[in-house]
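Trainee: Please see the structure below; I have some questions.
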Amino acid sequence: MKFKPKILVPYDGSRHADKAIEIAIQLAEQFKGTITVLHVPWKESDIESHRLLMNAVDKLQNTYLDFNTRSERSEQVSTKITQIQKEEGYDIIVMGSRGHGVGKAWILGSVSRQVLEEASCPVLVVN
């Protein structure tokens with residue numbers, strides 16, 4: 001049996017998140033995996049969240065990959081990401097190093113740093 005990874009891509013519409021989708025596509029194509037693009041809004045409207053996810057769909061729709069998108073509202077973004085990863089058995093998280101967060105850490109964003117610490121699977125952080 002061949003390994004077909006379930007790839008979770010947290011997405012906030014930032015340049016780094018766009019790059020993470022590109023890398024996730026490469027991984028999914030190489031290993032015949034599936035991609036879930038996850039947006040965790042805590043202050044955006046549902047309309048803004050939908051717009052961001054449609055941006056991700058634009059990047060994925062011309063591939064032959066199995067993908068889906070979802071939005072889960074939470075003020076604890078990193079906790080929500082790792083909760084979904086654990087509960088749904090994702091094999092890898094591919095995410096941007098920094099996003100659109102208000103308080104940005106110097107080199108590695110606070111959300112990506114927390115996901116690295118909390119995830120129970122490999123995390124590929126894309127710069």
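Letters for chains follow the order of the structure tokens (A, B, ...), residue numbers begin at 1 for each chain, and ligand numbers begin at 1 in the order shown.
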Which residues come within 12 Å of Ser49 (chain A), counting only C-alpha atoms, excluding same-chain residues fewer than 3 positions away, as a ChimeraX atom specification?
Mentor: /A:11-13,37-46,52-56,69-73
Trainee: Could you save those same residues with N, CA and C atoms as a short mmCIF file (atom, residue, chain, number, x, y, z; two decimals), in the first residue's frame?
Mentor:
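part-v1.cif written:
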data_model
loop_
_atom_site.label_atom_id
_atom_site.label_comp_id
_atom_site.auth_asym_id
_atom_site.auth_seq_id
_atom_site.Cartn_x
_atom_site.Cartn_y
_atom_site.Cartn_z
N TYR A 11 -4.42 28.77 6.37
CA TYR A 11 -4.34 29.81 5.34
C TYR A 11 -4.96 31.12 5.83
N ASP A 12 -4.19 32.20 5.68
CA ASP A 12 -4.70 33.53 6.05
C ASP A 12 -4.59 34.53 4.90
N GLY A 13 -4.23 34.06 3.72
CA GLY A 13 -4.13 34.95 2.57
C GLY A 13 -2.82 35.69 2.45
N VAL A 37 -7.39 23.08 3.02
CA VAL A 37 -7.00 24.45 3.32
C VAL A 37 -7.92 24.93 4.43
N LEU A 38 -7.32 25.33 5.54
CA LEU A 38 -8.06 25.72 6.73
C LEU A 38 -7.84 27.20 7.03
N HIS A 39 -8.92 27.93 7.12
CA HIS A 39 -8.85 29.32 7.55
C HIS A 39 -9.47 29.41 8.94
N VAL A 40 -8.74 29.99 9.88
CA VAL A 40 -9.23 30.14 11.25
C VAL A 40 -9.38 31.63 11.55
N PRO A 41 -10.53 32.18 11.17
CA PRO A 41 -10.74 33.61 11.45
C PRO A 41 -11.10 33.83 12.91
N TRP A 42 -10.59 34.91 13.44
CA TRP A 42 -11.01 35.28 14.79
C TRP A 42 -11.58 36.68 14.79
N LYS A 43 -11.33 37.43 13.74
CA LYS A 43 -11.93 38.77 13.67
C LYS A 43 -12.53 39.06 12.30
N GLU A 44 -12.15 38.31 11.27
CA GLU A 44 -12.69 38.57 9.93
C GLU A 44 -14.17 38.19 9.87
N SER A 45 -14.87 38.86 8.98
CA SER A 45 -16.26 38.52 8.74
C SER A 45 -16.33 37.21 7.94
N ASP A 46 -17.50 36.62 7.91
CA ASP A 46 -17.70 35.41 7.12
C ASP A 46 -17.45 35.69 5.64
N LEU A 52 -11.07 34.78 1.22
CA LEU A 52 -9.74 34.20 1.39
C LEU A 52 -9.71 32.75 0.90
N LEU A 53 -10.72 31.99 1.27
CA LEU A 53 -10.74 30.59 0.85
C LEU A 53 -10.92 30.46 -0.66
N MET A 54 -11.66 31.36 -1.27
CA MET A 54 -11.80 31.32 -2.73
C MET A 54 -10.47 31.62 -3.42
N ASN A 55 -9.64 32.44 -2.80
CA ASN A 55 -8.29 32.69 -3.30
C ASN A 55 -7.49 31.38 -3.31
N ALA A 56 -7.63 30.61 -2.25
CA ALA A 56 -6.95 29.32 -2.17
C ALA A 56 -7.49 28.35 -3.22
N THR A 69 -11.78 22.94 1.38
CA THR A 69 -11.51 24.11 2.20
C THR A 69 -12.48 24.11 3.37
N ARG A 70 -12.06 24.75 4.44
CA ARG A 70 -12.96 24.89 5.58
C ARG A 70 -12.56 26.10 6.40
N SER A 71 -13.52 26.60 7.15
CA SER A 71 -13.30 27.75 8.03
C SER A 71 -13.82 27.37 9.41
N GLU A 72 -13.00 27.62 10.42
CA GLU A 72 -13.36 27.33 11.81
C GLU A 72 -13.02 28.56 12.64
N ARG A 73 -14.02 29.23 13.14
CA ARG A 73 -13.81 30.46 13.91
C ARG A 73 -13.25 30.14 15.29
#
Trainee: I'd like to know which residues of chain A are helix (DSSP H, G or I) (by DSSP, run on the backbone); could you write them as a PDB file with C-alpha atoms, in the first residue's frame?
Mentor:
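part-v6.pdb was written with the following content:
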ATOM      1  CA  ARG A  15       2.336  35.804   0.934  1.00  0.00           C
ATOM      2  CA  HIS A  16       3.761  33.078   3.167  1.00  0.00           C
ATOM      3  CA  ALA A  17       0.441  31.183   3.181  1.00  0.00           C
ATOM      4  CA  ASP A  18       0.313  31.356  -0.628  1.00  0.00           C
ATOM      5  CA  LYS A  19       3.798  29.833  -0.748  1.00  0.00           C
ATOM      6  CA  ALA A  20       2.659  27.095   1.660  1.00  0.00           C
ATOM      7  CA  ILE A  21      -0.148  26.164  -0.742  1.00  0.00           C
ATOM      8  CA  GLU A  22       2.379  25.921  -3.590  1.00  0.00           C
ATOM      9  CA  ILE A  23       4.575  23.568  -1.535  1.00  0.00           C
ATOM     10  CA  ALA A  24       1.545  21.525  -0.415  1.00  0.00           C
ATOM     11  CA  ILE A  25       0.520  21.110  -4.051  1.00  0.00           C
ATOM     12  CA  GLN A  26       3.994  19.801  -4.907  1.00  0.00           C
ATOM     13  CA  LEU A  27       3.873  17.313  -2.021  1.00  0.00           C
ATOM     14  CA  ALA A  28       0.354  16.171  -2.857  1.00  0.00           C
ATOM     15  CA  GLU A  29       1.223  15.697  -6.532  1.00  0.00           C
ATOM     16  CA  GLN A  30       4.363  13.737  -5.717  1.00  0.00           C
ATOM     17  CA  PHE A  31       2.729  11.451  -3.145  1.00  0.00           C
ATOM     18  CA  ASP A  46     -17.696  35.407   7.119  1.00  0.00           C
ATOM     19  CA  ILE A  47     -17.564  37.257   3.796  1.00  0.00           C
ATOM     20  CA  GLU A  48     -13.841  37.984   4.206  1.00  0.00           C
ATOM     21  CA  SER A  49     -13.192  34.388   5.264  1.00  0.00           C
ATOM     22  CA  HIS A  50     -15.026  33.125   2.174  1.00  0.00           C
ATOM     23  CA  ARG A  51     -13.017  35.492  -0.057  1.00  0.00           C
ATOM     24  CA  LEU A  52      -9.735  34.201   1.387  1.00  0.00           C
ATOM     25  CA  LEU A  53     -10.742  30.588   0.851  1.00  0.00           C
ATOM     26  CA  MET A  54     -11.804  31.315  -2.735  1.00  0.00           C
ATOM     27  CA  ASN A  55      -8.294  32.685  -3.305  1.00  0.00           C
ATOM     28  CA  ALA A  56      -6.945  29.317  -2.172  1.00  0.00           C
ATOM     29  CA  VAL A  57      -9.429  27.477  -4.409  1.00  0.00           C
ATOM     30  CA  ASP A  58      -8.152  29.509  -7.381  1.00  0.00           C
ATOM     31  CA  LYS A  59      -4.675  28.099  -6.723  1.00  0.00           C
ATOM     32  CA  LEU A  60      -5.912  24.505  -6.412  1.00  0.00           C
ATOM     33  CA  VAL A  77      -5.751  29.965  16.099  1.00  0.00           C
ATOM     34  CA  SER A  78      -2.821  27.626  16.773  1.00  0.00           C
ATOM     35  CA  THR A  79      -4.851  25.503  19.187  1.00  0.00           C
ATOM     36  CA  LYS A  80      -7.666  25.142  16.636  1.00  0.00           C
ATOM     37  CA  ILE A  81      -5.175  24.119  13.922  1.00  0.00           C
ATOM     38  CA  THR A  82      -3.544  21.441  16.066  1.00  0.00           C
ATOM     39  CA  GLN A  83      -6.897  20.244  17.413  1.00  0.00           C
ATOM     40  CA  ILE A  84      -8.147  19.638  13.855  1.00  0.00           C
ATOM     41  CA  GLN A  85      -4.834  18.007  12.894  1.00  0.00           C
ATOM     42  CA  LYS A  86      -5.043  15.552  15.777  1.00  0.00           C
ATOM     43  CA  GLU A  87      -8.773  14.791  15.587  1.00  0.00           C
ATOM     44  CA  GLU A  88      -8.796  14.230  11.827  1.00  0.00           C
ATOM     45  CA  SER A 110       3.605  33.267  16.880  1.00  0.00           C
ATOM     46  CA  VAL A 111       0.986  30.948  15.330  1.00  0.00           C
ATOM     47  CA  SER A 112       3.530  28.901  13.373  1.00  0.00           C
ATOM     48  CA  ARG A 113       5.778  28.676  16.430  1.00  0.00           C
ATOM     49  CA  GLN A 114       2.909  27.410  18.593  1.00  0.00           C
ATOM     50  CA  VAL A 115       1.804  24.909  15.953  1.00  0.00           C
ATOM     51  CA  LEU A 116       5.371  23.574  15.812  1.00  0.00           C
ATOM     52  CA  GLU A 117       5.235  23.027  19.569  1.00  0.00           C
ATOM     53  CA  GLU A 118       1.708  21.555  19.753  1.00  0.00           C
TER      54      GLU A 118
END
Trainee: Run DSSP on the backbone and give me the residues of chain A it puts in strand (DSSP E or B), as a ChimeraX atom specification.
Mentor: /A:6-10,34-39,66-71,92-96,123-126
Trainee: Can I get the selection written as a PDB file, in the first residue's frame, with C-alpha atoms?
Mentor:
ATOM      1  CA  LYS A   6      -3.415  14.082   4.333  1.00  0.00           C
ATOM      2  CA  ILE A   7      -2.000  17.619   4.184  1.00  0.00           C
ATOM      3  CA  LEU A   8      -3.385  20.467   6.278  1.00  0.00           C
ATOM      4  CA  VAL A   9      -2.621  24.014   5.119  1.00  0.00           C
ATOM      5  CA  PRO A  10      -3.573  26.801   7.533  1.00  0.00           C
ATOM      6  CA  THR A  34      -5.052  15.251  -0.338  1.00  0.00           C
ATOM      7  CA  ILE A  35      -5.081  18.886   0.788  1.00  0.00           C
ATOM      8  CA  THR A  36      -7.341  20.681   3.227  1.00  0.00           C
ATOM      9  CA  VAL A  37      -6.999  24.451   3.318  1.00  0.00           C
ATOM     10  CA  LEU A  38      -8.060  25.720   6.725  1.00  0.00           C
ATOM     11  CA  HIS A  39      -8.848  29.323   7.551  1.00  0.00           C
ATOM     12  CA  ASP A  66      -8.347  16.009  -4.127  1.00  0.00           C
ATOM     13  CA  PHE A  67      -8.773  19.115  -1.947  1.00  0.00           C
ATOM     14  CA  ASN A  68     -11.261  20.897   0.237  1.00  0.00           C
ATOM     15  CA  THR A  69     -11.510  24.109   2.205  1.00  0.00           C
ATOM     16  CA  ARG A  70     -12.959  24.893   5.583  1.00  0.00           C
ATOM     17  CA  SER A  71     -13.301  27.746   8.026  1.00  0.00           C
ATOM     18  CA  ILE A  92       1.633  16.899   7.863  1.00  0.00           C
ATOM     19  CA  ILE A  93       0.916  20.592   8.304  1.00  0.00           C
ATOM     20  CA  VAL A  94       2.350  22.946   5.682  1.00  0.00           C
ATOM     21  CA  MET A  95       2.132  26.575   6.752  1.00  0.00           C
ATOM     22  CA  GLY A  96       3.661  29.976   6.247  1.00  0.00           C
ATOM     23  CA  VAL A 123       5.147  20.705  10.393  1.00  0.00           C
ATOM     24  CA  LEU A 124       6.763  22.193   7.297  1.00  0.00           C
ATOM     25  CA  VAL A 125       7.150  25.954   7.799  1.00  0.00           C
ATOM     26  CA  VAL A 126       7.517  27.853   4.541  1.00  0.00           C
TER      27      VAL A 126
END
Trainee: Mind pulling up the distance from CA of Tyr90 (chain A) to CA of Gln61 (chain A)?
Mentor: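 Between these atoms lies a distance of 21.1 Å.
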